[in-house]
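Participant: Just passing along the structure, written as structure tokens.
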Protein chains: 2
Amino acid sequence: MKKIYIGIIGFGNIGAGVVKLLKKNFSLIKERAGIEIRIKKAADIDLKKSRGIKIDKNVLTKDAHEIIDDPQIKIVVELIGGIHPAKEYIISSLEKGKAVVTANKALLAEKGREIFKAASQNNQDIYFEASVCGGIPIIKTIREAMIANRINYMAGIINGTANYILSRMEEGLTFKQALIDAQKKGVAERNPYLDIEGIDAAHKLVILGSLIFDIPLTLKDIYNEGISSLTPLDLKFAKEFGYAVKLLAVAKETNGNFQFRVQPSLIDIEHPLATVKDEYNAVYIQGDATGKLLFYGKGAGQIPTASAVLSDIVDIARNLQSKTQMRIPPITYLRNCYKVMPLEQLKSSYYLRIMAVDKPGVLAKVSNILGEHNISIASVFQKERNKAEAVPIVMMTHEAKEKDIREAIKNIDKLPAVKGNTVRIRVEE
Amino acid sequence: MKKIYIGIIGFGNIGAGVVKLLKKNFSLIKERAGIEIRIKKAADIDLKKSRGIKIDKNVLTKDAHEIIDDPQIKIVVELIGGIHPAKEYIISSLEKGKAVVTANKALLAEKGREIFKAASQNNQDIYFEASVCGGIPIIKTIREAMIANRINYMAGIINGTANYILSRMEEGLTFKQALIDAQKKGVAERNPYLDIEGIDAAHKLVILGSLIFDIPLTLKDIYNEGISSLTPLDLKFAKEFGYAVKLLAVAKETNGNFQFRVQPSLIDIEHPLATVKDEYNAVYIQGDATGKLLFYGKGAGQIPTASAVLSDIVDIARNLQSKTQMRIPPITYLRNCYKVMPLEQLKSSYYLRIMAVDKPGVLAKVSNILGEHNISIASVFQKERNKAEAVPIVMMTHEAKEKDIREAIKNIDKLPAVKGNTVRIRVEE
């Protein structure tokens, strides 16, 4: 039986997971694939920290180049994250005739073009299933299973931390309380910025959007908004209107115009994405042949991510065994020109929450301003009456332009009776 | 660019779909895969019937052997269904050195062992994504994406017709009314037997069960029960207890003991499978690495199924282009010995509906019988009181053996106050 030697650069949580999972299911993988996967080297700058697994001391090294320069190692698994030196390690590995597996979404989102070009030029495979949605095989599905489909729409819950926080807020916690709970549970990092501000989701959306539309998408093409300004009150009102609030990553094409956005969105309670709770991820995708598909599972975590890394390793090992490289091209940018619609031009229904002192005529003034901006109200309610404090006026609008909504809100917030900033959340159809 | 010639045997609904979809997305597939897929021949016994597509007359033939014997054709797509002559065509094609794509679940369920053996002996690929769940890439996911996973549980809604009927029954239609509606909508066939009695789901479960457990499963290993005896009343009561009723196909391993069953089941309303409505399919699968995964989409239909057929064709074409056969072995039966637990030994909670004349002491007698069979009641309700007619006594039991439930029901149904047969539905945890 053929043995394939691999090297892991970055022996942290995911790296240790790969070693652990390969150990556990070694013979299962061997028998199914007919290939033995052997870890020859694992490199990390910190060799003292315990990874909770036993590993031969000779396997560990501080020097990534021991892996990159080892002619016996055919697959380099990059798990250090970040841009530098991950990028340099990957490109050197490709140049040395090695295939690469990476889970590095930030790198692919920012430098994907360079990396895929290097793979192409060196005729080497680069696989990256673990970079998006951990245990959900969304990359393989798009690249292989949906190859006969023109895809025009995708909406995903692709950040587990944000979804966990929103699930707790649905139960009444404030954003801050929910964040602290997430950190306690290990679902949020100590510095949660990338997750709660939608940056992590934007990285993943660059990768998915490039794949589904065959375009060289960049981070600049993504409109991005986080969840930190949401309140449990809004989630409660949304529910009363029949919606769940989710941090959605959306990619859409309409007649050659693209839109890419990560933002809190209202989604019909009956939509399959609305039932996705806690740290789970889900991707809803529409092919012209398959129709609606939904993939649901754990988008992060040591072992689910290790499962994705190992499936990539086996795929490449199968290619190597049959002396095939580039069986599936690194990434195909079939359309180099593409036009991203400015967010201001997009139309949607909106949820609005205005905090106003309960005086006669306030609703009339608000309605007037909306009307002046071509926004009509679909439904409205004003729950409690309270003479002293501001009370919420909550409404759902008919379809309106983002630009008009923004301008209307600016004017509404100038009304003397209105306190604080009006909250607006997009409705995703 | 390399051209791969294919032949289609069985030019019915799905066959026409493959032609239609390949025509529509021909250049997209060509550019993505770097391969041109060309249909050289399509064979059918009926060449007069319109397929709603234009096709060159020279492509059509009545003789399948024109395809099987054509040395230029590298991939044979079998879409005639049924056992004979599909089996003979497939085996001849493999023997002639051709790869095979098939959507024939009945054939794979009944003769899979022979067919996979022929593929193996002739060193040829056989792909069958379209045989289970149409547009959902569940076969690829299990064989490739989940390769590093030991799977111990799978539950699926894998028959769209039955799920459509149950969705209508949830709205109050009787089974018969719902079936007629399904037939009108084209969701049920004129002879719906295979779908409503769970035979079609059992065929698919043989294929999925073989894959997830690496065992040569046969139809005999599957316990099978249909939905025709359900009433809208049961769906209503189930809902009041917090459950949906679904025709579930379940494969489970507990300490080396397997169970395979297709049966109407109660599933918690919060479970992701509970929200799957109409003709949609979904597969819920648990890997030891990935954790819970759910895949949702259209399990049938001309174009979703054609999408699966084309993804298989492209996969094989990629293998042929790199002169690789058996990159993924036809099917691996790693464990030839396996023990299927008899249904009678399985434990579960149950929903029971007993129709009884409302006399004092009936519930006591029913409870006594249940108690004698080690069945304890978790909750019970008896809705309306009516002296003349039998009224439903509905209950949920704690976990009990199927054997005990059956015997208890036999005795309950002998009580003079009890009218008709008691309905029992398994609760799927």
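Identifiers in this document derive from the order of the structure tokens: chains are assigned A, B, ..., residues are numbered from 1 separately in each chain, and ligands are numbered from 1 in order of occurrence.
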Please find the residues of chain B near chain A - the criterion being any atom within 7 Å, counting only C-alpha atoms - and write them as a ChimeraX atom specification.
Facilitator: /B:25,29,32,135,137,144-148,289-298,303-304,307-308,310-311,318,322,324,327,332
Participant: Restricted to N, CA and C atoms, what would the selected residues look like written as a PDB file, in the first residue's frame?
Facilitator:
```pdb
ATOM      1  N   ASN B  25     -25.884  24.384 -19.934  1.00  0.00           N
ATOM      2  CA  ASN B  25     -24.656  24.785 -19.227  1.00  0.00           C
ATOM      3  C   ASN B  25     -23.403  24.173 -19.834  1.00  0.00           C
ATOM      4  N   ILE B  29     -19.693  24.112 -17.952  1.00  0.00           N
ATOM      5  CA  ILE B  29     -19.068  22.848 -17.528  1.00  0.00           C
ATOM      6  C   ILE B  29     -17.714  22.688 -18.211  1.00  0.00           C
ATOM      7  N   ARG B  32     -15.231  25.090 -16.600  1.00  0.00           N
ATOM      8  CA  ARG B  32     -14.877  24.730 -15.222  1.00  0.00           C
ATOM      9  C   ARG B  32     -14.018  23.473 -15.176  1.00  0.00           C
ATOM     10  N   GLY B 135     -30.808  15.931  -6.199  1.00  0.00           N
ATOM     11  CA  GLY B 135     -29.880  17.053  -6.219  1.00  0.00           C
ATOM     12  C   GLY B 135     -28.999  17.215  -4.991  1.00  0.00           C
ATOM     13  N   PRO B 137     -25.972  16.143  -2.807  1.00  0.00           N
ATOM     14  CA  PRO B 137     -24.789  15.305  -3.063  1.00  0.00           C
ATOM     15  C   PRO B 137     -24.407  14.431  -1.865  1.00  0.00           C
ATOM     16  N   GLU B 144     -16.451  10.926   0.166  1.00  0.00           N
ATOM     17  CA  GLU B 144     -15.257  11.758   0.058  1.00  0.00           C
ATOM     18  C   GLU B 144     -15.117  12.726   1.236  1.00  0.00           C
ATOM     19  N   ALA B 145     -16.131  13.558   1.439  1.00  0.00           N
ATOM     20  CA  ALA B 145     -15.980  14.595   2.462  1.00  0.00           C
ATOM     21  C   ALA B 145     -15.906  13.995   3.868  1.00  0.00           C
ATOM     22  N   MET B 146     -16.621  12.879   4.101  1.00  0.00           N
ATOM     23  CA  MET B 146     -16.650  12.303   5.447  1.00  0.00           C
ATOM     24  C   MET B 146     -15.712  11.101   5.585  1.00  0.00           C
ATOM     25  N   ILE B 147     -14.730  11.003   4.704  1.00  0.00           N
ATOM     26  CA  ILE B 147     -13.883   9.801   4.704  1.00  0.00           C
ATOM     27  C   ILE B 147     -13.166   9.581   6.038  1.00  0.00           C
ATOM     28  N   ALA B 148     -12.887  10.650   6.765  1.00  0.00           N
ATOM     29  CA  ALA B 148     -12.177  10.497   8.038  1.00  0.00           C
ATOM     30  C   ALA B 148     -13.133  10.264   9.214  1.00  0.00           C
ATOM     31  N   ALA B 289     -16.292  12.781  13.788  1.00  0.00           N
ATOM     32  CA  ALA B 289     -15.481  14.002  13.696  1.00  0.00           C
ATOM     33  C   ALA B 289     -16.338  15.222  13.365  1.00  0.00           C
ATOM     34  N   THR B 290     -17.184  15.119  12.369  1.00  0.00           N
ATOM     35  CA  THR B 290     -17.969  16.291  11.951  1.00  0.00           C
ATOM     36  C   THR B 290     -19.047  16.664  12.954  1.00  0.00           C
ATOM     37  N   GLY B 291     -19.519  15.694  13.735  1.00  0.00           N
ATOM     38  CA  GLY B 291     -20.727  15.933  14.529  1.00  0.00           C
ATOM     39  C   GLY B 291     -21.933  15.891  13.606  1.00  0.00           C
ATOM     40  N   LYS B 292     -23.002  16.578  14.025  1.00  0.00           N
ATOM     41  CA  LYS B 292     -24.250  16.541  13.263  1.00  0.00           C
ATOM     42  C   LYS B 292     -24.154  17.340  11.975  1.00  0.00           C
ATOM     43  N   LEU B 293     -24.583  16.731  10.893  1.00  0.00           N
ATOM     44  CA  LEU B 293     -24.672  17.429   9.614  1.00  0.00           C
ATOM     45  C   LEU B 293     -26.067  17.220   9.061  1.00  0.00           C
ATOM     46  N   LEU B 294     -26.566  18.207   8.323  1.00  0.00           N
ATOM     47  CA  LEU B 294     -27.841  18.028   7.639  1.00  0.00           C
ATOM     48  C   LEU B 294     -27.713  18.543   6.211  1.00  0.00           C
ATOM     49  N   PHE B 295     -28.236  17.761   5.275  1.00  0.00           N
ATOM     50  CA  PHE B 295     -28.233  18.143   3.863  1.00  0.00           C
ATOM     51  C   PHE B 295     -29.664  18.132   3.377  1.00  0.00           C
ATOM     52  N   TYR B 296     -30.070  19.225   2.776  1.00  0.00           N
ATOM     53  CA  TYR B 296     -31.468  19.433   2.430  1.00  0.00           C
ATOM     54  C   TYR B 296     -31.593  19.852   0.971  1.00  0.00           C
ATOM     55  N   GLY B 297     -32.571  19.324   0.270  1.00  0.00           N
ATOM     56  CA  GLY B 297     -32.775  19.734  -1.114  1.00  0.00           C
ATOM     57  C   GLY B 297     -33.817  18.886  -1.805  1.00  0.00           C
ATOM     58  N   LYS B 298     -33.872  19.040  -3.132  1.00  0.00           N
ATOM     59  CA  LYS B 298     -34.843  18.280  -3.902  1.00  0.00           C
ATOM     60  C   LYS B 298     -34.320  16.875  -4.168  1.00  0.00           C
ATOM     61  N   ILE B 303     -34.538  17.923 -13.490  1.00  0.00           N
ATOM     62  CA  ILE B 303     -33.290  18.686 -13.585  1.00  0.00           C
ATOM     63  C   ILE B 303     -32.392  18.510 -12.342  1.00  0.00           C
ATOM     64  N   PRO B 304     -32.952  18.491 -11.117  1.00  0.00           N
ATOM     65  CA  PRO B 304     -32.078  18.182  -9.978  1.00  0.00           C
ATOM     66  C   PRO B 304     -31.367  16.831 -10.143  1.00  0.00           C
ATOM     67  N   SER B 307     -28.655  17.058 -12.666  1.00  0.00           N
ATOM     68  CA  SER B 307     -27.481  17.725 -12.093  1.00  0.00           C
ATOM     69  C   SER B 307     -26.552  16.713 -11.425  1.00  0.00           C
ATOM     70  N   ALA B 308     -27.153  15.759 -10.716  1.00  0.00           N
ATOM     71  CA  ALA B 308     -26.348  14.717 -10.061  1.00  0.00           C
ATOM     72  C   ALA B 308     -25.690  13.807 -11.088  1.00  0.00           C
ATOM     73  N   LEU B 310     -24.840  14.591 -14.115  1.00  0.00           N
ATOM     74  CA  LEU B 310     -23.760  15.328 -14.780  1.00  0.00           C
ATOM     75  C   LEU B 310     -22.543  15.494 -13.874  1.00  0.00           C
ATOM     76  N   SER B 311     -22.768  15.638 -12.575  1.00  0.00           N
ATOM     77  CA  SER B 311     -21.598  15.762 -11.689  1.00  0.00           C
ATOM     78  C   SER B 311     -20.823  14.443 -11.679  1.00  0.00           C
ATOM     79  N   ARG B 318     -12.993  13.496 -15.505  1.00  0.00           N
ATOM     80  CA  ARG B 318     -11.725  13.953 -14.909  1.00  0.00           C
ATOM     81  C   ARG B 318     -10.801  12.767 -14.651  1.00  0.00           C
ATOM     82  N   SER B 322      -7.100  11.992 -16.709  1.00  0.00           N
ATOM     83  CA  SER B 322      -5.803  11.735 -16.069  1.00  0.00           C
ATOM     84  C   SER B 322      -5.509  10.238 -16.038  1.00  0.00           C
ATOM     85  N   THR B 324      -6.990   7.759 -14.833  1.00  0.00           N
ATOM     86  CA  THR B 324      -7.160   7.156 -13.513  1.00  0.00           C
ATOM     87  C   THR B 324      -8.494   6.433 -13.488  1.00  0.00           C
ATOM     88  N   ARG B 327     -10.297   5.762  -8.825  1.00  0.00           N
ATOM     89  CA  ARG B 327      -9.751   6.728  -7.887  1.00  0.00           C
ATOM     90  C   ARG B 327     -10.479   6.583  -6.558  1.00  0.00           C
ATOM     91  N   THR B 332     -16.745  -0.079  -0.911  1.00  0.00           N
ATOM     92  CA  THR B 332     -15.852  -0.905  -0.100  1.00  0.00           C
ATOM     93  C   THR B 332     -16.638  -1.576   1.016  1.00  0.00           C
TER      94      THR B 332
END
```
Participant: List the spatial neighbours of Ile425 in chain A as a ChimeraX atom specification - criterion: any atom at most 6 Å away, only C-alpha atoms, same-chain residues fewer than 6 positions off excluded.
Facilitator: /A:265,350-351
Participant: Let's have the selection written as a PDB file, in the first residue's frame, with C-alpha atoms.
Facilitator:
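Heads up, here's the output in part_33.pdb:
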```pdb
ATOM      1  CA  SER A 265     -30.886  40.359   8.479  1.00  0.00           C
ATOM      2  CA  TYR A 350     -36.757  46.950   6.260  1.00  0.00           C
ATOM      3  CA  TYR A 351     -37.471  46.597   9.935  1.00  0.00           C
TER       4      TYR A 351
END
```
Participant: With only C-alpha atoms as the basis for distance, which of B:Phe116, B:Phe241, B:Phe128, B:Tyr338 is at the shortest distance from Val394 in chain B?
Facilitator: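 Of all the options, B:Phe241 lies closest to Val394 in chain B.
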Participant: Which neighbours of Ala188 in chain A fall inside 9 Å, counting only C-alpha atoms, when residues of the same chain fewer than 2 positions from it are skipped, and could you give them as a PyMOL selection string?
Facilitator: chain A and resi 160-162+164-165+179-186+190-192+195
Participant: What lies within 7 Å of Ile37 in chain B using only C-alpha atoms, ignoring chain neighbours under 3 positions off, as a ChimeraX atom specification?
Facilitator: /B:3-5
Participant: Phe260 in chain B: which residues within 9 Å, counting only C-alpha atoms, same-chain residues fewer than 3 positions away excluded, as a PyMOL selection string?
Facilitator: chain B and resi 202+205-206+209+221-224+249-252+340-341+343
Participant: I'd like to know which residues of range 273-307 of chain B are alpha helix (DSSP H) (by DSSP, run on the backbone); could you write them as a PDB file with C-alpha atoms, in the first residue's frame?
Facilitator:
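out.pdb was written with the following content:
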```pdb
ATOM      1  CA  GLN B 302     -35.879  15.922 -13.904  1.00  0.00           C
ATOM      2  CA  ILE B 303     -33.290  18.686 -13.585  1.00  0.00           C
ATOM      3  CA  PRO B 304     -32.078  18.182  -9.978  1.00  0.00           C
ATOM      4  CA  THR B 305     -31.472  14.514 -10.842  1.00  0.00           C
ATOM      5  CA  ALA B 306     -29.792  15.470 -14.125  1.00  0.00           C
ATOM      6  CA  SER B 307     -27.481  17.725 -12.093  1.00  0.00           C
TER       7      SER B 307
END
```
Participant: For range 80-85 of chain B, please output as a list in words all residues within 9 Å (counting only C-alpha atoms; exclusion window: fewer than 4 positions along the same chain).
Facilitator: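 The residues satisfying every condition are Ile9, Gly10, Phe11, Gly12, Gly15, Asp44, Tyr89, Ile90, Thr102, Ala103, Asn104, Lys105, Ala106, Leu107, Leu108, Glu110 and Lys111 of chain B.
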Participant: Hey, what's within 8 Å of Glu171 in chain B if we count only C-alpha atoms and toss same-chain stuff fewer than 3 positions away? As a tab-separated table (two decimals) with C-alpha atoms, in the first residue's frame, please?
Facilitator:
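Saved as out.tsv:
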```tsv
chain	number	residue	atom	x	y	z
B	167	SER	CA	-47.22	17.74	4.67
B	168	ARG	CA	-50.76	17.85	3.25
B	232	PRO	CA	-54.57	13.51	10.02
```
Participant: When distances are computed from only C-alpha atoms, which of B:Leu60, B:Val391, B:Val423, B:Ile207 shows the smallest separation from Ala109 in chain B?
Facilitator: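 Checking each candidate against Ala109 in chain B, we get B:Ile207 as the closest.
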Participant: In Å, rounded to a single decimal, give me how far CA of Arg424 in chain A is from CA of Glu399 in chain A.
Facilitator: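 Computing the Euclidean distance for CA of Glu399 in chain A and CA of Arg424 in chain A yields 13.2 Å.
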Participant: Using Å and a single decimal, report how far CA of Ser131 in chain A sits from CA of Lys40 in chain A.
Facilitator: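 One can read the CA of Lys40 in chain A to CA of Ser131 in chain A distance as 23.1 Å.
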Participant: What gap, in Å, lies between CA of Ile316 in chain A and CA of Arg38 in chain B?
Facilitator: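 We find that CA of Ile316 in chain A and CA of Arg38 in chain B lie 27.8 Å from each other.
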Participant: Between B:Ala16, B:Leu370, B:Ala155, B:Ile8, which is the closest to Ile67 in chain B once you count only C-alpha atoms?
Facilitator: B:Ile8
Participant: Extract the full set of strand (DSSP E or B) residues from range 90-122 of chain A according to DSSP on the backbone, and format it as a list in words.
Facilitator: Ala99, Val100, Val101 and Thr102 of chain A
